[in-house]
$ cat model20.cif   # mmCIF, C-alpha atoms
data_input
loop_
_atom_site.label_atom_id
_atom_site.label_comp_id
_atom_site.auth_asym_id
_atom_site.auth_seq_id
_atom_site.Cartn_x
_atom_site.Cartn_y
_atom_site.Cartn_z
CA MET X 23 10.90 -5.99 -81.83
CA SER X 24 7.23 -5.53 -82.66
CA ALA X 25 5.64 -2.48 -84.25
CA ASN X 26 5.72 -0.98 -80.76
CA THR X 27 9.46 -0.29 -81.07
CA MET X 28 10.78 1.59 -78.06
CA SER X 29 13.31 4.45 -78.19
CA ASN X 30 14.72 5.75 -74.90
CA GLY X 31 11.74 4.09 -73.16
CA TYR X 32 9.18 5.69 -75.44
CA GLY X 33 7.11 4.42 -78.35
CA THR X 34 8.05 4.93 -81.95
CA HIS X 35 7.18 8.63 -81.72
CA THR X 36 10.15 10.83 -80.84
CA ASN X 37 10.54 11.46 -77.13
CA GLY X 38 7.02 10.27 -76.34
CA SER X 39 5.13 12.41 -78.87
CA LEU X 40 1.77 10.98 -79.89
CA GLY X 41 0.89 10.03 -83.44
CA HIS X 42 -0.85 12.66 -85.54
CA ALA X 43 -4.34 11.18 -85.34
CA GLU X 44 -3.96 10.30 -81.68
CA SER X 45 -2.55 13.74 -80.93
CA SER X 46 -5.39 15.49 -82.76
CA SER X 47 -8.11 13.56 -80.95
CA SER X 48 -6.41 14.18 -77.61
CA ALA X 49 -6.02 17.88 -78.37
CA ASP X 50 -9.71 18.13 -79.33
CA SER X 51 -10.68 16.35 -76.14
CA PHE X 52 -8.47 18.69 -74.10
CA ASP X 53 -9.97 21.76 -75.81
CA ASP X 54 -13.47 20.54 -74.98
CA GLU X 55 -12.55 20.04 -71.34
CA LYS X 56 -10.80 23.44 -71.28
CA ASP X 57 -13.89 25.17 -72.69
CA GLU X 58 -16.10 23.51 -70.08
CA GLY X 59 -13.69 24.42 -67.29
CA SER X 60 -13.27 28.02 -68.41
CA ALA X 61 -16.97 28.63 -67.91
CA THR X 62 -16.70 27.77 -64.23
CA SER X 63 -13.12 28.81 -63.34
CA ASN X 64 -11.17 32.06 -63.65
CA TYR X 65 -7.85 30.37 -62.85
CA ALA X 66 -5.17 29.66 -65.44
CA PRO X 67 -3.89 26.06 -65.78
CA ASN X 68 -2.12 24.80 -62.65
CA GLY X 69 -2.81 28.08 -60.91
CA TYR X 70 -0.18 30.05 -62.88
CA SER X 71 -1.08 33.28 -64.62
CA GLN X 72 1.86 32.60 -66.91
CA LEU X 73 3.94 29.45 -67.17
CA PRO X 74 7.45 30.06 -65.72
CA LEU X 75 9.25 28.84 -68.84
CA GLN X 76 11.81 31.63 -69.24
CA SER X 77 13.19 31.40 -65.73
CA HIS X 78 13.47 27.64 -66.11
CA ASN X 79 15.32 28.03 -69.42
CA ASP X 80 17.68 30.61 -67.93
CA GLU X 81 18.43 28.34 -64.99
CA LEU X 82 19.04 25.38 -67.30
CA VAL X 83 21.41 27.34 -69.57
CA GLY X 84 23.28 28.70 -66.56
CA TYR X 85 23.66 25.17 -65.22
CA LEU X 86 24.98 23.90 -68.56
CA TYR X 87 27.55 26.69 -68.75
CA HIS X 88 28.86 26.50 -65.19
CA SER X 89 28.65 22.75 -64.56
CA GLY X 90 29.08 21.60 -68.14
CA PHE X 91 31.56 24.03 -69.70
CA GLN X 92 33.46 25.59 -66.80
CA THR X 93 33.88 22.48 -64.66
CA GLY X 94 33.41 19.74 -67.28
CA ASN X 95 31.08 17.60 -65.15
CA TYR X 96 29.99 14.33 -66.82
CA ALA X 97 32.16 15.08 -69.88
CA ASP X 98 32.33 12.46 -72.61
CA THR X 99 34.74 14.26 -74.97
CA ILE X 100 38.19 15.76 -74.53
CA LEU X 101 39.29 18.52 -76.89
CA GLN X 102 43.05 18.91 -77.24
CA VAL X 103 43.73 22.49 -78.33
CA GLN X 104 47.42 23.43 -78.40
CA GLN X 105 48.57 22.94 -74.77
CA HIS X 106 45.07 22.88 -73.31
CA ASN X 107 42.58 20.07 -72.74
CA TYR X 108 38.85 20.78 -72.52
CA ARG X 109 36.50 18.22 -70.93
CA LEU X 110 33.23 18.76 -72.75
CA HIS X 111 30.11 17.08 -74.13
CA ALA X 112 29.60 15.74 -77.64
CA ILE X 113 25.90 16.63 -77.78
CA ILE X 114 26.81 20.31 -77.24
CA LEU X 115 29.94 20.32 -79.38
CA ALA X 116 27.90 18.95 -82.29
CA ARG X 117 26.31 22.40 -82.58
CA SER X 118 29.56 23.39 -84.31
CA PRO X 119 29.82 21.96 -87.87
CA PHE X 120 33.62 22.05 -87.56
CA LEU X 121 33.69 20.06 -84.32
CA ALA X 122 30.89 17.75 -85.48
CA HIS X 123 33.05 16.81 -88.47
CA LEU X 124 36.09 16.18 -86.26
CA MET X 125 34.03 13.97 -83.95
CA SER X 126 32.54 12.00 -86.83
CA THR X 127 35.99 11.28 -88.25
CA SER X 128 37.72 10.48 -84.96
CA PRO X 129 37.60 6.92 -83.65
CA GLN X 130 36.25 6.27 -80.16
CA ASN X 131 37.84 3.31 -78.43
CA GLY X 132 35.64 3.17 -75.37
CA GLY X 133 35.46 5.76 -72.62
CA GLN X 134 35.90 9.40 -73.47
CA ARG X 135 36.42 10.51 -77.05
CA VAL X 136 39.65 12.48 -77.63
CA ILE X 137 39.57 15.11 -80.38
CA TYR X 138 42.64 17.02 -81.59
CA VAL X 139 41.81 20.52 -82.89
CA PRO X 140 44.51 21.78 -85.31
CA LEU X 141 45.02 25.55 -84.98
CA GLU X 142 48.55 25.80 -86.35
CA GLN X 143 47.31 27.28 -89.63
CA GLU X 144 45.01 29.80 -87.92
CA PRO X 145 47.23 32.31 -86.10
CA GLU X 146 44.29 34.68 -85.56
CA VAL X 147 42.52 32.08 -83.40
CA THR X 148 44.03 32.60 -79.95
CA GLN X 149 43.51 30.37 -76.94
CA GLU X 150 41.30 33.00 -75.31
CA GLY X 151 39.21 33.56 -78.42
CA PHE X 152 38.74 29.83 -78.90
CA ALA X 153 37.65 29.35 -75.27
CA ILE X 154 35.05 32.11 -75.54
CA ALA X 155 33.65 30.61 -78.75
CA LEU X 156 33.56 27.16 -77.13
CA GLY X 157 31.65 28.58 -74.17
CA TYR X 158 29.15 30.15 -76.56
CA LEU X 159 28.12 26.66 -77.65
CA TYR X 160 26.83 26.25 -74.09
CA SER X 161 25.49 29.73 -73.37
CA SER X 162 25.39 33.32 -74.60
CA ILE X 163 27.02 34.26 -71.28
CA SER X 164 30.26 34.13 -73.30
CA LEU X 165 29.28 37.41 -74.96
CA THR X 166 30.13 39.24 -71.74
CA LEU X 167 33.76 38.15 -72.17
CA VAL X 168 34.21 39.79 -75.59
CA ARG X 169 36.42 42.88 -75.29
CA PRO X 170 38.33 45.16 -77.71
CA GLU X 171 41.52 43.23 -76.91
CA ASN X 172 40.14 39.82 -77.92
CA CYS X 173 37.24 40.57 -80.28
CA ARG X 174 39.16 39.75 -83.46
CA ALA X 175 40.31 36.42 -82.04
CA VAL X 176 36.73 35.62 -80.96
CA LEU X 177 35.48 36.44 -84.46
CA ALA X 178 38.13 34.16 -85.99
CA ALA X 179 37.24 31.32 -83.60
CA GLY X 180 33.52 31.76 -84.18
CA ARG X 181 34.02 31.64 -87.91
CA LEU X 182 36.20 28.55 -87.61
CA LEU X 183 33.74 26.62 -85.43
CA GLY X 184 30.69 27.75 -87.40
CA GLY X 185 27.06 27.78 -86.40
CA MET X 186 27.37 30.91 -84.25
CA ASP X 187 26.39 33.85 -86.43
CA ASP X 188 25.23 35.98 -83.48
CA LEU X 189 28.59 35.66 -81.73
CA CYS X 190 30.45 36.53 -84.93
CA GLN X 191 28.30 39.60 -85.55
CA TYR X 192 28.72 40.72 -81.94
CA ALA X 193 32.51 40.27 -82.09
CA TYR X 194 32.65 42.08 -85.45
CA GLU X 195 30.75 45.08 -84.05
CA GLU X 196 33.23 45.17 -81.17
CA CYS X 197 36.08 45.10 -83.71
CA LYS X 198 34.54 48.02 -85.55
CA ARG X 199 34.21 50.04 -82.33
CA SER X 200 37.80 49.27 -81.34
CA ILE X 201 39.36 51.11 -84.31
CA SER X 202 40.89 54.30 -82.91
CA VAL X 203 43.88 56.62 -83.21
CA GLN X 204 45.68 54.39 -80.72
CA THR X 205 44.87 51.09 -82.45
CA ILE X 206 44.88 52.04 -86.15
CA GLY X 207 48.52 50.95 -86.53
CA ALA X 208 47.71 47.42 -85.38
CA TRP X 209 44.64 47.33 -87.61
CA LEU X 210 46.68 48.39 -90.63
CA GLY X 211 49.12 45.57 -89.95
CA PHE X 212 46.24 43.13 -89.69
CA ILE X 213 44.68 44.27 -92.98
CA GLU X 214 48.03 43.96 -94.72
CA SER X 215 48.43 40.41 -93.40
CA LEU X 216 45.16 39.44 -95.08
CA SER X 217 46.16 40.78 -98.49
CA SER X 218 47.63 38.75 -101.30
CA SER X 219 49.75 40.60 -103.85
CA SER X 220 51.98 39.82 -106.76
CA PRO X 221 55.68 39.14 -106.16
CA ASP X 222 56.70 42.39 -107.91
CA GLY X 223 54.37 44.43 -105.71
CA MET X 224 52.93 46.27 -108.71
CA SER X 225 49.39 44.86 -108.80
CA THR X 226 46.72 45.93 -106.33
CA PRO X 227 46.53 43.47 -103.41
CA SER X 228 43.23 41.79 -102.65
CA ILE X 229 41.83 39.97 -99.65
CA ALA X 230 42.95 36.34 -99.66
CA PRO X 231 39.85 34.22 -100.39
CA ASN X 232 40.72 31.47 -97.90
CA THR X 233 41.00 33.65 -94.80
CA VAL X 234 39.16 32.32 -91.74
CA PHE X 235 37.27 35.61 -91.48
CA GLY X 236 35.35 35.05 -94.72
CA ASP X 237 33.21 38.06 -95.68
CA TYR X 238 34.15 39.80 -92.45
CA ALA X 239 37.67 40.34 -93.79
CA ARG X 240 36.41 42.68 -96.49
CA LYS X 241 34.06 44.38 -94.03
CA MET X 242 36.91 45.09 -91.63
CA ARG X 243 39.07 46.37 -94.48
CA ASP X 244 36.28 48.75 -95.49
CA ASP X 245 35.88 49.86 -91.87
CA VAL X 246 39.59 50.64 -91.57
CA PHE X 247 39.50 52.56 -94.87
CA HIS X 248 36.46 54.60 -93.75
CA PHE X 249 38.24 55.39 -90.49
CA LEU X 250 41.29 56.63 -92.42
CA VAL X 251 39.49 58.90 -94.87
CA VAL X 252 36.50 60.15 -92.87
CA THR X 253 36.68 59.54 -89.11
CA LEU X 254 40.38 60.15 -88.50
CA PRO X 255 40.60 63.58 -90.21
CA GLU X 256 37.53 64.68 -88.22
CA VAL X 257 38.87 63.37 -84.92
CA LEU X 258 42.25 65.06 -85.50
CA ASP X 259 40.60 68.24 -86.81
CA VAL X 260 43.12 68.45 -89.65
CA GLN X 261 41.24 71.13 -91.60
CA SER X 262 41.75 73.67 -88.82
CA PRO X 263 44.77 75.97 -89.16
CA HIS X 264 47.57 73.93 -87.66
CA GLU X 265 50.39 75.26 -85.55
CA PRO X 266 53.92 73.86 -85.66
CA SER X 267 54.62 71.02 -83.27
CA SER X 268 55.38 72.24 -79.78
CA ALA X 269 55.83 70.96 -76.28
CA SER X 270 52.08 70.36 -76.18
CA GLY X 271 52.46 67.59 -78.77
CA PRO X 272 52.20 67.14 -82.53
CA SER X 273 49.37 68.74 -84.49
CA GLY X 274 46.47 66.71 -85.88
CA ARG X 275 48.00 66.92 -89.35
CA ASP X 276 51.32 65.60 -88.06
CA VAL X 277 49.58 62.63 -86.42
CA LEU X 278 47.67 61.94 -89.64
CA LEU X 279 50.91 62.06 -91.62
CA GLN X 280 52.57 59.59 -89.27
CA ILE X 281 49.63 57.19 -89.64
CA PHE X 282 49.50 57.51 -93.43
CA SER X 283 53.23 56.85 -93.61
CA GLN X 284 52.44 53.29 -92.41
CA VAL X 285 49.42 52.58 -94.63
CA PRO X 286 49.90 49.82 -97.26
CA PHE X 287 50.33 51.36 -100.70
CA ASP X 288 47.04 50.23 -102.24
CA MET X 289 45.06 51.68 -99.33
CA PHE X 290 47.26 54.80 -99.22
CA LYS X 291 46.61 55.48 -102.90
CA ALA X 292 42.86 54.86 -102.58
CA ALA X 293 42.63 57.08 -99.48
CA VAL X 294 44.55 60.03 -100.94
CA GLU X 295 42.54 59.89 -104.18
CA SER X 296 39.17 59.30 -102.50
CA PRO X 297 36.65 62.14 -102.95
CA VAL X 298 35.44 61.59 -99.39
CA PHE X 299 38.90 62.11 -97.85
CA THR X 300 38.21 65.14 -95.69
CA ILE X 301 41.62 66.77 -95.95
CA GLY X 302 40.81 69.90 -97.94
CA ALA X 303 41.08 71.22 -101.49
CA ASP X 304 43.26 69.55 -104.11
CA GLN X 305 46.27 71.77 -103.36
CA VAL X 306 46.05 70.83 -99.67
CA ARG X 307 45.58 67.16 -100.58
CA PHE X 308 48.60 67.25 -102.89
CA LYS X 309 50.81 68.83 -100.22
CA PHE X 310 49.64 66.25 -97.67
CA ALA X 311 50.33 63.33 -100.05
CA LYS X 312 53.77 64.72 -100.90
CA ASP X 313 54.70 65.04 -97.22
CA ALA X 314 53.36 61.55 -96.50
CA ILE X 315 55.40 60.03 -99.33
CA ASP X 316 58.53 61.72 -97.99
CA LEU X 317 57.89 60.00 -94.66
CA ARG X 318 57.13 56.71 -96.36
CA LYS X 319 60.51 56.78 -98.11
CA ARG X 320 62.14 56.59 -94.67
CA GLY X 321 59.94 53.73 -93.54
CA ILE X 322 57.41 51.50 -95.30
CA ALA X 323 58.62 52.43 -98.82
CA ARG X 324 62.32 52.49 -97.95
CA GLY X 325 64.89 50.66 -100.03
CA PRO X 326 65.44 49.78 -103.67
CA GLY X 327 62.77 48.52 -106.00
CA LEU X 328 59.57 50.60 -106.08
CA GLU X 329 59.22 54.35 -106.00
CA GLU X 330 56.08 56.26 -104.97
CA THR X 331 55.19 59.63 -106.47
CA VAL X 332 52.22 62.01 -106.43
CA VAL X 333 51.02 64.30 -109.20
CA LEU X 334 48.43 67.07 -109.33
CA ALA X 335 46.47 67.17 -112.56
CA PHE X 336 45.34 70.77 -112.86
CA GLY X 337 41.70 70.91 -113.90
CA GLY X 338 41.52 67.13 -113.74
CA GLY X 339 39.08 66.91 -110.86
CA ASN X 340 36.02 68.13 -112.80
CA GLY X 341 33.94 67.73 -109.68
CA ALA X 342 33.86 63.95 -110.09
CA GLY X 343 36.88 63.09 -107.97
CA SER X 344 40.30 64.16 -106.87
CA ALA X 345 42.85 65.71 -109.18
CA VAL X 346 45.60 64.23 -107.05
CA HIS X 347 46.99 60.89 -108.21
CA VAL X 348 49.49 58.61 -106.50
CA THR X 349 51.58 56.23 -108.55
CA ARG X 350 54.20 53.58 -107.91
CA LYS X 351 56.77 52.42 -110.40
CA MET X 352 60.02 50.53 -110.56
CA LYS X 353 63.07 52.64 -109.87
CA LYS X 354 65.39 53.09 -112.80
CA ARG X 355 68.61 51.21 -112.47
CA PRO X 356 71.70 53.39 -112.75
CA LEU X 357 73.59 53.04 -116.01
CA TRP X 358 77.30 52.47 -115.78
CA LYS X 359 79.60 53.73 -118.48
CA VAL X 360 82.17 51.16 -119.52
CA ASN X 361 85.43 52.60 -120.67
CA SER X 362 86.91 50.86 -123.68
#
$ encode --input "model20.cif" --output "structure tokens"
Amino acid sequence: MSANTMSNGYGTHTNGSLGHAESSSSADSFDDEKDEGSATSNYAPNGYSQLPLQSHNDELVGYLYHSGFQTGNYADTILQVQQHNYRLHAIILARSPFLAHLMSTSPQNGGQRVIYVPLEQEPEVTQEGFAIALGYLYSSISLTLVRPENCRAVLAAGRLLGGMDDLCQYAYEECKRSISVQTIGAWLGFIESLSSSSPDGMSTPSIAPNTVFGDYARKMRDDVFHFLVVTLPEVLDVQSPHEPSSASGPSGRDVLLQIFSQVPFDMFKAAVESPVFTIGADQVRFKFAKDAIDLRKRGIARGPGLEETVVLAFGGGNGAGSAVHVTRKMKKRPLWKVNS
């Protein structure tokens, strides 16, 4: 073709844009005409006081979400996700770096492109969470579907697909708000599932670096820890004189003990020794840790192998931290006397 190469029916300039020089001269000419017109007319261009761009954009996005995502009209790509098929659009899916890579490496043999999305190695990405993240590629309407029950799965899916920082931050904030007395057990199990520790269980576990949550994994771990040492004691009012358990239910201290009996050791140790743990003076802290360890021996720390203990170092606090220290060591094997 000649220098006047056409693209989608337009000249060489993208989507009909004029060249720089041509655009500048046209803009100057338009400004001159606008100045002349403004002297004789008080009306805005085309009779609008303000161009109705926002309502048009909202209508367009709503159309893309309902007709494009929910009903799959004019789809050119099929996503196979576990037992579900999504009829979607490559131009929208390409907003996700993860899906863009899958599309670029998947052959298209005429007709619709079929993409298989492997989720077997990402148990935190549920079908619901993935669908909400997919919908977010089309519209922020998906944010209205994020709830305490699915927020962690939405965060995992958003992180996996990529290119949706706002959705991830929104889902993370919902995760943070969802931590409560009722849900802390599930959150503790989740945090433990993210940790990698040594086979002997002696070294302090750390967050696995390859988790789908990325930096959010450490943030959520910190949020759970803060809930344990600051929020939970305040909510349960554990520093008030507590009465023995009665028909009215367990005391706040008893509830806190039950929760701490399920906390992974590294977090349990850090919480008990933390200077911000609002449980009381060192003697009170020591008694609480001792009672918690007794409960842990019947549950999370039950069985042979490791043994948890707590010590109170008198005068060891020095105002810089707790004088209470929790340790874990290998149990001594019993010695058997062999008769000659």
$ resolve_selection --input "model20.cif" --expression "the PyMOL selection byres ((chain X and resi 203) around 10)" --output "ChimeraX atom specification"
/X:200-202,204-207,249-250,253-254,257-258,277-278,281
$ atom_distance --input "model20.cif" --atom1 "atom CA of X:Tyr85" --atom2 "atom CA of X:Ala153"
17.7 Å
$ closest_residue --input "model20.cif" --among "X:Leu279, X:Val298, X:Met352, X:Leu159" --to "X:Asp316" --atoms "only C-alpha atoms"
X:Leu279
$ atom_distance --input "model20.cif" --atom1 "atom CA of X:Gly157" --atom2 "atom CA of X:Val246"
29.2 Å
$ resolve_selection --input "model20.cif" --expression "the PyMOL selection byres ((chain X and resi 285) around 9)" --output "ChimeraX atom specification"
/X:207,210-211,214,281-284,286-290,318,322
$ closest_residue --input "model20.cif" --among "X:Val348, X:Leu115, X:Val306, X:Ala178" --to "X:Leu101" --atoms "only C-alpha atoms"
X:Leu115
$ atom_distance --input "model20.cif" --atom1 "atom CA of X:His347" --atom2 "atom CA of X:Val294"
7.7 Å
$ residues_around --input "model20.cif" --residues "X:Val103" --least-positions-apart "2" --cutoff "7 Å" --atoms "all atoms listed in the file" --output "list in words"
Leu101, Gln105, His106, Asn107, Tyr138 and Val139 of chain X
$ resolve_selection --input "model20.cif" --expression "the PyMOL selection byres ((chain X and resi 162) around 12)" --output "short mmCIF file (atom, residue, chain, number, x, y, z; two decimals) with C-alpha atoms, in the frame of the given file"
data_model
loop_
_atom_site.label_atom_id
_atom_site.label_comp_id
_atom_site.auth_asym_id
_atom_site.auth_seq_id
_atom_site.Cartn_x
_atom_site.Cartn_y
_atom_site.Cartn_z
CA ASP X 80 17.68 30.61 -67.93
CA VAL X 83 21.41 27.34 -69.57
CA GLY X 84 23.28 28.70 -66.56
CA LEU X 86 24.98 23.90 -68.56
CA TYR X 87 27.55 26.69 -68.75
CA ILE X 154 35.05 32.11 -75.54
CA ALA X 155 33.65 30.61 -78.75
CA LEU X 156 33.56 27.16 -77.13
CA GLY X 157 31.65 28.58 -74.17
CA TYR X 158 29.15 30.15 -76.56
CA LEU X 159 28.12 26.66 -77.65
CA TYR X 160 26.83 26.25 -74.09
CA SER X 161 25.49 29.73 -73.37
CA ILE X 163 27.02 34.26 -71.28
CA SER X 164 30.26 34.13 -73.30
CA LEU X 165 29.28 37.41 -74.96
CA THR X 166 30.13 39.24 -71.74
CA LEU X 167 33.76 38.15 -72.17
CA VAL X 168 34.21 39.79 -75.59
CA MET X 186 27.37 30.91 -84.25
CA ASP X 187 26.39 33.85 -86.43
CA ASP X 188 25.23 35.98 -83.48
CA LEU X 189 28.59 35.66 -81.73
CA CYS X 190 30.45 36.53 -84.93
CA TYR X 192 28.72 40.72 -81.94
#
$ residues_around --input "model20.cif" --residues "X:Arg174" --least-positions-apart "4" --cutoff "9 Å" --atoms "all atoms listed in the file" --output "list in words"
Glu146, Val147, Gly151, Pro170, Ala178, Ala179, Ala193, Tyr194, Glu196 and Cys197 of chain X
$ residues_near_point --input "model20.cif" --point "(39.5, 42.2, -91.7)" --cutoff "10 Å" --atoms "all atoms listed in the file" --output "ChimeraX atom specification"
/X:174,178,194,197-198,209-210,212-217,229,233-246
$ write_last_selection --input "model20.cif" --atoms "C-alpha atoms" --output "short mmCIF file (atom, residue, chain, number, x, y, z; two decimals), in the frame of the given file"
data_model
loop_
_atom_site.label_atom_id
_atom_site.label_comp_id
_atom_site.auth_asym_id
_atom_site.auth_seq_id
_atom_site.Cartn_x
_atom_site.Cartn_y
_atom_site.Cartn_z
CA ARG X 174 39.16 39.75 -83.46
CA ALA X 178 38.13 34.16 -85.99
CA TYR X 194 32.65 42.08 -85.45
CA CYS X 197 36.08 45.10 -83.71
CA LYS X 198 34.54 48.02 -85.55
CA TRP X 209 44.64 47.33 -87.61
CA LEU X 210 46.68 48.39 -90.63
CA PHE X 212 46.24 43.13 -89.69
CA ILE X 213 44.68 44.27 -92.98
CA GLU X 214 48.03 43.96 -94.72
CA SER X 215 48.43 40.41 -93.40
CA LEU X 216 45.16 39.44 -95.08
CA SER X 217 46.16 40.78 -98.49
CA ILE X 229 41.83 39.97 -99.65
CA THR X 233 41.00 33.65 -94.80
CA VAL X 234 39.16 32.32 -91.74
CA PHE X 235 37.27 35.61 -91.48
CA GLY X 236 35.35 35.05 -94.72
CA ASP X 237 33.21 38.06 -95.68
CA TYR X 238 34.15 39.80 -92.45
CA ALA X 239 37.67 40.34 -93.79
CA ARG X 240 36.41 42.68 -96.49
CA LYS X 241 34.06 44.38 -94.03
CA MET X 242 36.91 45.09 -91.63
CA ARG X 243 39.07 46.37 -94.48
CA ASP X 244 36.28 48.75 -95.49
CA ASP X 245 35.88 49.86 -91.87
CA VAL X 246 39.59 50.64 -91.57
#
$ closest_residue --input "model20.cif" --among "X:Asn79, X:Thr93, X:Gln280, X:Gln104" --to "X:Glu144" --atoms "all atoms listed in the file"
X:Gln104
$ closest_residue --input "model20.cif" --among "X:Ser118, X:Thr148, X:Gln261, X:Thr99" --to "X:Gln134" --atoms "all atoms listed in the file"
X:Thr99
$ closest_residue --input "model20.cif" --among "X:Leu183, X:Cys173, X:His88, X:Pro255" --to "X:Leu124" --atoms "only C-alpha atoms"
X:Leu183
$ residues_around --input "model20.cif" --residues "X:Leu110" --least-positions-apart "2" --cutoff "9 Å" --atoms "only C-alpha atoms" --output "list in words"
Gly90, Phe91, Thr93, Gly94, Asn95, Tyr96, Ala97, Asp98, Thr99, Ile100, Leu101, Tyr108, Ala112, Ile114 and Leu115 of chain X
$ build_atoms --input "model20.cif" --residues "stretch 184-190 of chain X" --atoms "all heavy atoms" --output "PDB file, in the frame of the given file"
ATOM      1  N   GLY X 184      31.933  27.716 -86.635  1.00  0.00           N
ATOM      2  CA  GLY X 184      30.690  27.750 -87.400  1.00  0.00           C
ATOM      3  C   GLY X 184      29.462  27.611 -86.530  1.00  0.00           C
ATOM      4  O   GLY X 184      29.529  27.233 -85.361  1.00  0.00           O
ATOM      5  N   GLY X 185      28.318  27.939 -87.102  1.00  0.00           N
ATOM      6  CA  GLY X 185      27.060  27.780 -86.400  1.00  0.00           C
ATOM      7  C   GLY X 185      26.818  28.779 -85.293  1.00  0.00           C
ATOM      8  O   GLY X 185      25.981  28.543 -84.419  1.00  0.00           O
ATOM      9  N   MET X 186      27.546  29.896 -85.303  1.00  0.00           N
ATOM     10  CA  MET X 186      27.370  30.910 -84.250  1.00  0.00           C
ATOM     11  C   MET X 186      27.411  32.305 -84.860  1.00  0.00           C
ATOM     12  O   MET X 186      28.283  33.121 -84.551  1.00  0.00           O
ATOM     13  CB  MET X 186      28.406  30.738 -83.144  1.00  0.00           C
ATOM     14  CG  MET X 186      29.834  30.481 -83.601  1.00  0.00           C
ATOM     15  SD  MET X 186      30.953  30.118 -82.199  1.00  0.00           S
ATOM     16  CE  MET X 186      30.431  28.467 -81.742  1.00  0.00           C
ATOM     17  N   ASP X 187      26.446  32.574 -85.728  1.00  0.00           N
ATOM     18  CA  ASP X 187      26.390  33.850 -86.430  1.00  0.00           C
ATOM     19  C   ASP X 187      26.228  35.027 -85.477  1.00  0.00           C
ATOM     20  O   ASP X 187      26.796  36.104 -85.711  1.00  0.00           O
ATOM     21  CB  ASP X 187      25.233  33.851 -87.438  1.00  0.00           C
ATOM     22  CG  ASP X 187      25.461  32.868 -88.579  1.00  0.00           C
ATOM     23  OD1 ASP X 187      26.615  32.434 -88.758  1.00  0.00           O
ATOM     24  OD2 ASP X 187      24.491  32.524 -89.276  1.00  0.00           O
ATOM     25  N   ASP X 188      25.442  34.872 -84.420  1.00  0.00           N
ATOM     26  CA  ASP X 188      25.230  35.980 -83.480  1.00  0.00           C
ATOM     27  C   ASP X 188      26.523  36.359 -82.780  1.00  0.00           C
ATOM     28  O   ASP X 188      26.817  37.543 -82.601  1.00  0.00           O
ATOM     29  CB  ASP X 188      24.164  35.599 -82.444  1.00  0.00           C
ATOM     30  CG  ASP X 188      22.773  35.521 -83.058  1.00  0.00           C
ATOM     31  OD1 ASP X 188      22.592  36.081 -84.158  1.00  0.00           O
ATOM     32  OD2 ASP X 188      21.877  34.914 -82.447  1.00  0.00           O
ATOM     33  N   LEU X 189      27.306  35.372 -82.369  1.00  0.00           N
ATOM     34  CA  LEU X 189      28.590  35.660 -81.730  1.00  0.00           C
ATOM     35  C   LEU X 189      29.515  36.380 -82.697  1.00  0.00           C
ATOM     36  O   LEU X 189      30.187  37.354 -82.326  1.00  0.00           O
ATOM     37  CB  LEU X 189      29.245  34.367 -81.241  1.00  0.00           C
ATOM     38  CG  LEU X 189      30.668  34.516 -80.688  1.00  0.00           C
ATOM     39  CD1 LEU X 189      30.664  35.306 -79.392  1.00  0.00           C
ATOM     40  CD2 LEU X 189      31.321  33.157 -80.489  1.00  0.00           C
ATOM     41  N   CYS X 190      29.570  35.915 -83.937  1.00  0.00           N
ATOM     42  CA  CYS X 190      30.450  36.530 -84.930  1.00  0.00           C
ATOM     43  C   CYS X 190      30.045  37.979 -85.184  1.00  0.00           C
ATOM     44  O   CYS X 190      30.906  38.868 -85.261  1.00  0.00           O
ATOM     45  CB  CYS X 190      30.410  35.737 -86.236  1.00  0.00           C
ATOM     46  SG  CYS X 190      31.206  34.113 -86.135  1.00  0.00           S
TER      47      CYS X 190
END
